[in-house]
$ cat work34.cif   # mmCIF, C-alpha atoms
data_run
loop_
_atom_site.label_atom_id
_atom_site.label_comp_id
_atom_site.auth_asym_id
_atom_site.auth_seq_id
_atom_site.Cartn_x
_atom_site.Cartn_y
_atom_site.Cartn_z
CA MET H 1424 71.01 -260.37 56.56
CA THR H 1425 71.20 -256.59 57.02
CA LYS H 1426 70.70 -255.44 60.58
CA LYS H 1427 67.69 -253.18 61.08
CA PRO H 1428 68.59 -249.70 62.36
CA ASN H 1429 67.60 -248.92 65.95
CA ILE H 1430 65.71 -245.64 66.20
CA VAL H 1431 64.91 -243.82 69.45
CA LEU H 1432 61.76 -241.71 69.32
CA ILE H 1433 61.72 -238.88 71.88
CA TYR H 1434 58.42 -237.15 72.63
CA THR H 1435 58.69 -233.76 74.34
CA GLY H 1436 55.14 -232.55 73.73
CA GLY H 1437 53.41 -230.57 71.02
CA THR H 1438 50.50 -231.01 68.67
CA ILE H 1439 51.90 -234.13 67.00
CA GLY H 1440 51.49 -236.13 70.19
CA MET H 1441 47.93 -235.03 70.82
CA VAL H 1442 44.62 -236.72 70.18
CA LYS H 1443 41.25 -235.05 70.28
CA ASP H 1444 38.78 -235.98 72.97
CA PHE H 1445 35.63 -235.82 70.86
CA GLU H 1446 33.40 -235.53 73.91
CA THR H 1447 35.09 -232.36 75.19
CA ASN H 1448 36.66 -231.29 71.85
CA SER H 1449 39.94 -230.65 73.69
CA LEU H 1450 43.41 -232.01 72.96
CA ARG H 1451 45.30 -234.36 75.23
CA ALA H 1452 48.60 -236.21 74.99
CA PHE H 1453 48.41 -239.92 74.24
CA ASN H 1454 50.63 -242.68 75.56
CA PHE H 1455 53.50 -243.08 73.12
CA ASP H 1456 53.84 -246.72 74.06
CA ASN H 1457 50.68 -247.10 71.96
CA LEU H 1458 52.26 -245.47 68.93
CA LEU H 1459 51.86 -248.52 66.69
CA ILE H 1460 48.16 -248.63 67.48
CA ARG H 1461 47.71 -245.03 66.38
CA ILE H 1462 49.96 -245.32 63.33
CA PRO H 1463 50.05 -248.97 62.18
CA GLU H 1464 51.96 -247.93 59.02
CA ILE H 1465 55.09 -247.61 61.17
CA LYS H 1466 55.27 -251.43 61.22
CA GLN H 1467 56.24 -251.28 57.54
CA LEU H 1468 59.41 -249.32 58.27
CA GLU H 1469 62.64 -251.30 58.22
CA CYS H 1470 63.80 -250.35 61.69
CA ASN H 1471 63.39 -251.11 65.38
CA ILE H 1472 61.76 -248.30 67.35
CA THR H 1473 61.96 -247.56 71.05
CA THR H 1474 60.17 -244.61 72.58
CA HIS H 1475 60.99 -242.17 75.34
CA SER H 1476 58.51 -239.56 76.52
CA PHE H 1477 58.95 -236.61 78.86
CA ASP H 1478 57.27 -237.44 82.17
CA CYS H 1479 55.20 -234.30 81.72
CA PRO H 1480 55.04 -233.39 78.02
CA ILE H 1481 55.16 -229.62 77.53
CA ASP H 1482 53.81 -227.04 75.14
CA SER H 1483 56.83 -225.81 73.20
CA SER H 1484 56.16 -222.26 74.42
CA ASN H 1485 57.51 -223.51 77.76
CA MET H 1486 60.68 -224.94 76.19
CA SER H 1487 63.93 -223.87 77.88
CA PRO H 1488 67.61 -224.88 78.08
CA GLU H 1489 66.77 -227.22 80.97
CA TYR H 1490 64.57 -229.23 78.59
CA TRP H 1491 67.21 -229.08 75.86
CA LEU H 1492 69.52 -230.81 78.30
CA GLN H 1493 66.88 -233.48 78.99
CA ILE H 1494 66.66 -234.24 75.26
CA ALA H 1495 70.45 -234.32 74.99
CA ALA H 1496 70.63 -236.66 77.99
CA VAL H 1497 68.31 -239.20 76.32
CA ILE H 1498 70.47 -239.06 73.19
CA GLU H 1499 73.66 -239.43 75.23
CA GLU H 1500 72.25 -242.37 77.19
CA ASN H 1501 71.19 -244.23 74.02
CA TYR H 1502 73.90 -243.05 71.66
CA ASP H 1503 75.99 -246.21 71.47
CA LYS H 1504 73.05 -248.58 70.91
CA ALA H 1505 70.96 -246.39 68.60
CA ASP H 1506 71.49 -245.62 64.92
CA GLY H 1507 69.31 -242.52 64.85
CA PHE H 1508 66.96 -240.30 66.83
CA VAL H 1509 63.64 -238.62 66.09
CA VAL H 1510 62.51 -235.81 68.39
CA LEU H 1511 58.82 -234.90 68.44
CA HIS H 1512 58.44 -231.27 69.41
CA GLY H 1513 55.93 -228.45 69.23
CA SER H 1514 56.52 -226.35 66.14
CA ASP H 1515 56.55 -222.91 67.79
CA THR H 1516 60.05 -223.21 69.27
CA MET H 1517 61.30 -226.22 67.31
CA SER H 1518 63.91 -224.20 65.41
CA TYR H 1519 65.34 -222.91 68.71
CA THR H 1520 65.61 -226.37 70.29
CA ALA H 1521 66.93 -228.03 67.16
CA SER H 1522 69.52 -225.25 66.69
CA ALA H 1523 70.57 -225.56 70.34
CA LEU H 1524 71.02 -229.32 70.02
CA SER H 1525 73.14 -228.82 66.90
CA PHE H 1526 75.67 -226.99 69.10
CA MET H 1527 75.29 -229.11 72.24
CA LEU H 1528 75.75 -232.50 70.52
CA GLU H 1529 79.48 -232.32 69.86
CA ASN H 1530 80.99 -234.55 67.14
CA LEU H 1531 77.60 -235.98 66.22
CA SER H 1532 77.84 -238.84 63.72
CA LYS H 1533 74.20 -240.00 63.75
CA PRO H 1534 70.94 -238.38 62.61
CA VAL H 1535 68.84 -236.38 65.06
CA ILE H 1536 65.63 -235.47 63.23
CA PHE H 1537 63.15 -233.01 64.71
CA THR H 1538 59.56 -233.06 63.53
CA GLY H 1539 56.07 -232.14 64.61
CA SER H 1540 52.76 -231.23 63.05
CA GLN H 1541 50.19 -228.51 62.61
CA LEU H 1542 47.26 -230.85 63.35
CA PRO H 1543 46.95 -233.60 66.01
CA ILE H 1544 47.73 -237.16 65.08
CA GLY H 1545 44.07 -238.22 65.37
CA ASP H 1546 42.66 -235.54 63.04
CA LEU H 1547 41.29 -236.67 59.70
CA ARG H 1548 43.50 -234.26 57.71
CA THR H 1549 46.53 -234.45 59.96
CA ASP H 1550 50.06 -233.86 58.69
CA ALA H 1551 51.40 -235.74 61.71
CA LYS H 1552 51.52 -239.21 60.16
CA GLU H 1553 53.53 -238.23 57.09
CA ASN H 1554 55.94 -236.07 59.09
CA LEU H 1555 56.54 -238.78 61.68
CA ILE H 1556 56.83 -241.71 59.28
CA THR H 1557 59.25 -239.92 56.95
CA ALA H 1558 61.31 -238.52 59.83
CA ILE H 1559 61.79 -242.08 61.10
CA GLN H 1560 62.62 -243.25 57.59
CA VAL H 1561 65.20 -240.47 57.18
CA ALA H 1562 66.76 -241.34 60.54
CA SER H 1563 67.03 -244.96 59.32
CA LEU H 1564 68.89 -244.20 56.08
CA GLN H 1565 72.23 -245.99 55.90
CA GLU H 1566 74.99 -246.73 53.43
CA ASN H 1567 77.20 -249.72 54.19
CA GLY H 1568 75.95 -249.75 57.77
CA VAL H 1569 76.76 -246.04 58.31
CA PRO H 1570 74.04 -243.38 58.75
CA GLN H 1571 73.65 -241.17 55.67
CA ILE H 1572 72.64 -238.18 57.78
CA GLN H 1573 75.06 -237.19 60.54
CA GLU H 1574 73.66 -233.92 61.85
CA VAL H 1575 70.67 -232.32 63.54
CA CYS H 1576 67.84 -231.79 61.06
CA LEU H 1577 64.25 -230.64 60.92
CA TYR H 1578 61.70 -232.48 58.78
CA PHE H 1579 58.39 -230.87 57.90
CA GLU H 1580 56.02 -231.12 54.94
CA TYR H 1581 58.17 -233.17 52.56
CA LYS H 1582 61.42 -231.27 53.21
CA LEU H 1583 64.43 -232.12 55.35
CA TYR H 1584 66.40 -229.06 56.44
CA ARG H 1585 69.57 -228.43 58.42
CA ALA H 1586 67.99 -227.57 61.76
CA ASN H 1587 70.07 -224.49 62.54
CA ARG H 1588 69.09 -222.94 59.20
CA THR H 1589 65.34 -223.03 59.80
CA THR H 1590 62.71 -220.53 60.86
CA LYS H 1591 59.00 -221.04 61.43
CA ILE H 1592 57.09 -218.76 59.08
CA ASN H 1593 53.47 -219.90 59.25
CA ALA H 1594 51.12 -220.91 62.05
CA GLU H 1595 48.41 -222.30 59.76
CA HIS H 1596 49.94 -223.86 56.64
CA PHE H 1597 51.40 -227.36 56.68
CA GLU H 1598 54.53 -225.85 55.13
CA ALA H 1599 55.42 -224.14 58.40
CA PHE H 1600 59.20 -223.87 58.11
CA ILE H 1601 61.64 -222.37 55.67
CA SER H 1602 65.41 -222.33 55.13
CA LEU H 1603 66.10 -219.41 52.83
CA ASN H 1604 69.87 -219.30 53.17
CA TYR H 1605 70.61 -223.00 52.72
CA PRO H 1606 69.02 -225.64 50.44
CA GLU H 1607 67.13 -228.65 51.76
CA LEU H 1608 69.04 -231.81 52.60
CA ALA H 1609 66.37 -234.19 51.32
CA GLU H 1610 62.95 -234.13 49.71
CA SER H 1611 60.15 -236.63 50.08
CA GLY H 1612 57.92 -237.41 47.12
CA VAL H 1613 57.32 -240.62 45.22
CA HIS H 1614 60.95 -241.25 46.11
CA LEU H 1615 63.00 -239.98 49.05
CA LYS H 1616 65.84 -237.96 47.53
CA VAL H 1617 68.90 -237.09 49.64
CA PHE H 1618 71.06 -234.25 48.35
CA LYS H 1619 74.42 -235.52 49.57
CA ASN H 1620 76.37 -232.43 48.55
CA ASN H 1621 74.36 -230.38 51.06
CA LEU H 1622 75.11 -232.62 54.05
CA LEU H 1623 77.73 -231.96 56.71
CA PRO H 1624 80.79 -234.18 56.27
CA ALA H 1625 81.17 -237.29 58.40
CA ASN H 1626 82.59 -236.77 61.88
CA LYS H 1627 84.92 -239.36 63.38
CA ALA H 1628 85.76 -237.65 66.66
CA SER H 1629 84.30 -238.90 69.95
CA PHE H 1630 80.73 -237.84 70.67
CA TYR H 1631 79.93 -235.90 73.83
CA VAL H 1632 77.28 -233.48 75.08
CA HIS H 1633 78.09 -229.87 75.88
CA LYS H 1634 75.95 -229.35 78.98
CA GLN H 1635 76.26 -225.64 79.70
CA MET H 1636 74.25 -222.88 78.03
CA CYS H 1637 74.54 -219.28 79.23
CA THR H 1638 71.16 -217.51 79.21
CA ASP H 1639 72.48 -214.08 80.27
CA ILE H 1640 71.61 -212.57 76.90
CA ALA H 1641 69.18 -209.98 75.58
CA VAL H 1642 67.65 -209.11 72.23
CA LEU H 1643 67.43 -205.54 70.94
CA LYS H 1644 65.18 -205.30 67.89
CA LEU H 1645 65.37 -202.02 66.05
CA TYR H 1646 62.29 -200.17 64.84
CA PRO H 1647 61.74 -196.65 63.50
CA GLY H 1648 61.40 -194.34 66.50
CA ILE H 1649 63.27 -196.53 68.99
CA THR H 1650 64.27 -194.33 71.92
CA LYS H 1651 67.48 -193.89 73.84
CA THR H 1652 65.66 -195.01 77.01
CA VAL H 1653 64.72 -198.35 75.44
CA VAL H 1654 68.23 -199.01 74.13
CA GLN H 1655 69.74 -198.10 77.50
CA ALA H 1656 67.31 -200.41 79.33
CA VAL H 1657 68.32 -203.40 77.22
CA LEU H 1658 72.08 -202.74 77.23
CA ASN H 1659 72.09 -202.10 80.98
CA THR H 1660 70.25 -205.31 81.87
CA PRO H 1661 71.91 -206.68 85.04
CA ASN H 1662 74.44 -209.50 84.49
CA ILE H 1663 74.07 -209.31 80.71
CA LYS H 1664 76.89 -210.94 78.75
CA GLY H 1665 75.63 -210.80 75.18
CA VAL H 1666 73.15 -208.86 73.06
CA ILE H 1667 71.69 -209.81 69.70
CA LEU H 1668 71.04 -206.61 67.78
CA GLU H 1669 68.35 -207.17 65.15
CA THR H 1670 69.13 -204.62 62.47
CA TYR H 1671 67.55 -203.66 59.15
CA GLY H 1672 68.42 -205.22 55.80
CA ALA H 1673 72.11 -206.01 55.40
CA GLY H 1674 72.92 -204.99 58.99
CA ASN H 1675 71.92 -201.33 58.98
CA ALA H 1676 71.02 -199.18 61.99
CA PRO H 1677 70.40 -195.51 62.91
CA THR H 1678 73.48 -193.30 62.71
CA LEU H 1679 72.41 -191.22 65.71
CA PRO H 1680 75.52 -190.51 67.86
CA TRP H 1681 73.86 -191.64 71.10
CA PHE H 1682 73.05 -195.04 69.56
CA SER H 1683 76.67 -195.83 68.64
CA GLU H 1684 77.88 -194.45 71.98
CA LEU H 1685 75.59 -196.72 74.00
CA LEU H 1686 76.68 -199.79 72.03
CA ALA H 1687 80.36 -198.89 72.38
CA ARG H 1688 79.96 -198.31 76.13
CA ALA H 1689 78.32 -201.72 76.61
CA MET H 1690 81.06 -203.43 74.61
CA LYS H 1691 83.76 -201.75 76.73
CA LYS H 1692 82.11 -203.37 79.75
CA GLY H 1693 82.61 -206.77 78.12
CA VAL H 1694 79.16 -207.26 76.57
CA TYR H 1695 79.28 -209.00 73.19
CA VAL H 1696 76.97 -207.42 70.59
CA VAL H 1697 76.14 -209.48 67.49
CA ASN H 1698 74.60 -207.88 64.41
CA VAL H 1699 71.81 -210.08 62.99
CA THR H 1700 69.44 -209.00 60.22
CA GLN H 1701 65.68 -208.88 60.83
CA CYS H 1702 65.19 -210.39 57.36
CA ILE H 1703 64.63 -214.15 57.20
CA GLY H 1704 66.80 -214.33 54.08
CA GLY H 1705 70.08 -212.68 53.15
CA SER H 1706 73.05 -211.62 55.22
CA VAL H 1707 74.58 -208.93 57.37
CA ILE H 1708 77.33 -207.20 55.37
CA MET H 1709 78.63 -204.40 57.56
CA GLY H 1710 80.15 -201.57 55.56
CA GLN H 1711 78.05 -202.17 52.46
CA TYR H 1712 75.97 -199.13 53.36
CA GLU H 1713 76.90 -196.01 55.30
CA THR H 1714 74.25 -196.94 57.89
CA SER H 1715 76.28 -199.98 58.95
CA THR H 1716 79.79 -198.54 58.76
CA HIS H 1717 79.53 -197.09 62.28
CA LEU H 1718 78.63 -200.55 63.63
CA GLN H 1719 81.66 -202.03 61.92
CA GLU H 1720 83.91 -199.30 63.30
CA ILE H 1721 82.94 -199.94 66.93
CA GLY H 1722 83.54 -203.67 66.47
CA LEU H 1723 80.17 -205.42 66.40
CA VAL H 1724 80.33 -209.15 65.65
CA SER H 1725 78.72 -210.04 62.33
CA GLY H 1726 76.00 -212.67 62.36
CA LYS H 1727 76.36 -212.98 58.57
CA ASP H 1728 73.44 -215.08 57.27
CA ILE H 1729 72.65 -216.88 60.53
CA THR H 1730 69.01 -217.24 61.55
CA PHE H 1731 67.77 -215.47 64.65
CA GLU H 1732 67.10 -218.82 66.34
CA ALA H 1733 70.61 -220.08 65.64
CA ALA H 1734 72.09 -216.75 66.75
CA VAL H 1735 70.35 -216.99 70.12
CA THR H 1736 71.44 -220.57 70.76
CA LYS H 1737 74.96 -220.12 69.39
CA MET H 1738 75.46 -217.13 71.68
CA MET H 1739 74.28 -219.19 74.67
CA TYR H 1740 76.68 -221.95 73.63
CA LEU H 1741 79.73 -219.73 73.08
CA LEU H 1742 79.21 -217.61 76.19
CA SER H 1743 79.31 -220.79 78.28
CA LYS H 1744 82.82 -221.62 77.02
CA ASN H 1745 84.71 -218.71 78.65
CA LEU H 1746 86.32 -217.63 75.39
CA THR H 1747 88.47 -214.57 74.93
CA GLU H 1748 86.97 -211.64 73.02
CA LYS H 1749 88.87 -212.56 69.86
CA GLU H 1750 87.95 -216.24 70.17
CA PHE H 1751 84.27 -215.41 70.63
CA GLU H 1752 84.23 -213.15 67.57
CA LYS H 1753 86.11 -215.68 65.44
CA GLN H 1754 83.87 -218.59 66.41
CA PHE H 1755 80.64 -216.63 66.02
CA GLU H 1756 81.63 -215.52 62.54
CA THR H 1757 82.75 -219.05 61.58
CA ALA H 1758 80.46 -221.92 60.61
CA ILE H 1759 81.07 -224.44 63.39
CA LYS H 1760 77.94 -226.58 62.80
CA GLY H 1761 76.93 -225.47 59.32
CA GLU H 1762 74.82 -222.63 60.74
CA LEU H 1763 76.11 -219.87 58.47
CA THR H 1764 77.72 -219.41 55.09
CA ALA H 1765 81.45 -218.86 55.38
CA ASN H 1766 81.93 -216.74 52.25
CA PHE H 1767 79.67 -213.89 53.35
CA ALA H 1768 81.53 -210.73 54.34
#
$ encode --input "work34.cif" --output "structure tokens"
Amino acid sequence: MTKKPNIVLIYTGGTIGMVKDFETNSLRAFNFDNLLIRIPEIKQLECNITTHSFDCPIDSSNMSPEYWLQIAAVIEENYDKADGFVVLHGSDTMSYTASALSFMLENLSKPVIFTGSQLPIGDLRTDAKENLITAIQVASLQENGVPQIQEVCLYFEYKLYRANRTTKINAEHFEAFISLNYPELAESGVHLKVFKNNLLPANKASFYVHKQMCTDIAVLKLYPGITKTVVQAVLNTPNIKGVILETYGAGNAPTLPWFSELLARAMKKGVYVVNVTQCIGGSVIMGQYETSTHLQEIGLVSGKDITFEAAVTKMMYLLSKNLTEKEFEKQFETAIKGELTANFA
């Protein structure tokens, strides 16, 4: 007889774990120990489920690296006895948390599936049940006793994505997330289809959790009319170690001399500056246009086709590793967890 997979369900907060109090019309978290009462269909799944809930579930707007570590700690504690994990999380910052975990969970060889919902679990038209049930089912998928999925993913509205490729694009539609630069890993319909060629390869090294994330970073988003004072304020932030520069199109920026000079001065002080496009699809290709050549010449790191969320969390991850300048640049421009496409310039 085939052994049923053991799945750990981790509830951090968010709409999916809410029920409506019809007397006050407000939302409140429900006890996840009563999950089977709320969603009896879960009993039909071929797996054993244990639940773990944050002592004080949070709105995902309050998510931070301290909470990322709490999620990672639950996974670390249960890693040897579990076959997969499902993390319930508010959708607003889900792509950040899921991207962070993709870097923090080193040598992961089991599925960690993030999901949530746009409507509470008790609403008549809720998307919570389908998202939760299928996320658990995906986490349970095995071939010859080995998990089919061995990476951090995000499941939402019939699509399974690589987590560090996702961005939230809609606050109202059930199809809230998108992955423009990488195809989905699985699709749920009448049948659950897994696209094996899109998955990360199996990892046989020993699992461990990277527990340091450096938050001494800043974001500088370009806009027409940005002033020297604004750029100076960001680049001169006390104790700053890294800056994500959100540029136009394929990595383009103003060619004003003072702009390049300020960036070069910050980099000479040891601040890493990564060029990431403001577009949700496509890639930074420095040198393709004249308006990015000056950035290439002063030595900005290319974010290639990385998402903003993955860029933020990857920078936090790499800055915590005390790398040399060359090592940092090489690792940021290399796909270490499937977060960018290697063949982009």
$ resolve_selection --input "work34.cif" --expression "the PyMOL selection byres ((chain H and resi 1540) around 8)" --output "ChimeraX atom specification"
/H:1438-1439,1513-1514,1538-1539,1541-1543,1549-1551,1554,1579,1597
$ atom_distance --input "work34.cif" --atom1 "CA of Glu1500 in chain H" --atom2 "CA of Arg1461 in chain H"
26.9 Å
$ closest_residue --input "work34.cif" --among "H:Ile1640, H:Ile1498, H:Leu1432, H:Asn1675" --to "Thr1660 in chain H" --atoms "all atoms listed in the file"
H:Ile1640
$ residues_around --input "work34.cif" --residues "Ile1465 in chain H" --least-positions-apart "2" --cutoff "10 Å" --atoms "only C-alpha atoms" --output "PyMOL selection string"
chain H and resi 1458-1463+1467-1472+1552+1555-1557+1559-1560
$ closest_residue --input "work34.cif" --among "H:Ala1656, H:Leu1583, H:Ile1721, H:Leu1645" --to "Val1699 in chain H" --atoms "all atoms listed in the file"
H:Leu1645
$ resolve_selection --input "work34.cif" --expression "the PyMOL selection byres ((chain H and resi 1433-1435) around 8)" --output "ChimeraX atom specification"
/H:1431-1432,1436-1437,1440,1455,1474-1477,1480-1481,1494,1497,1508-1513
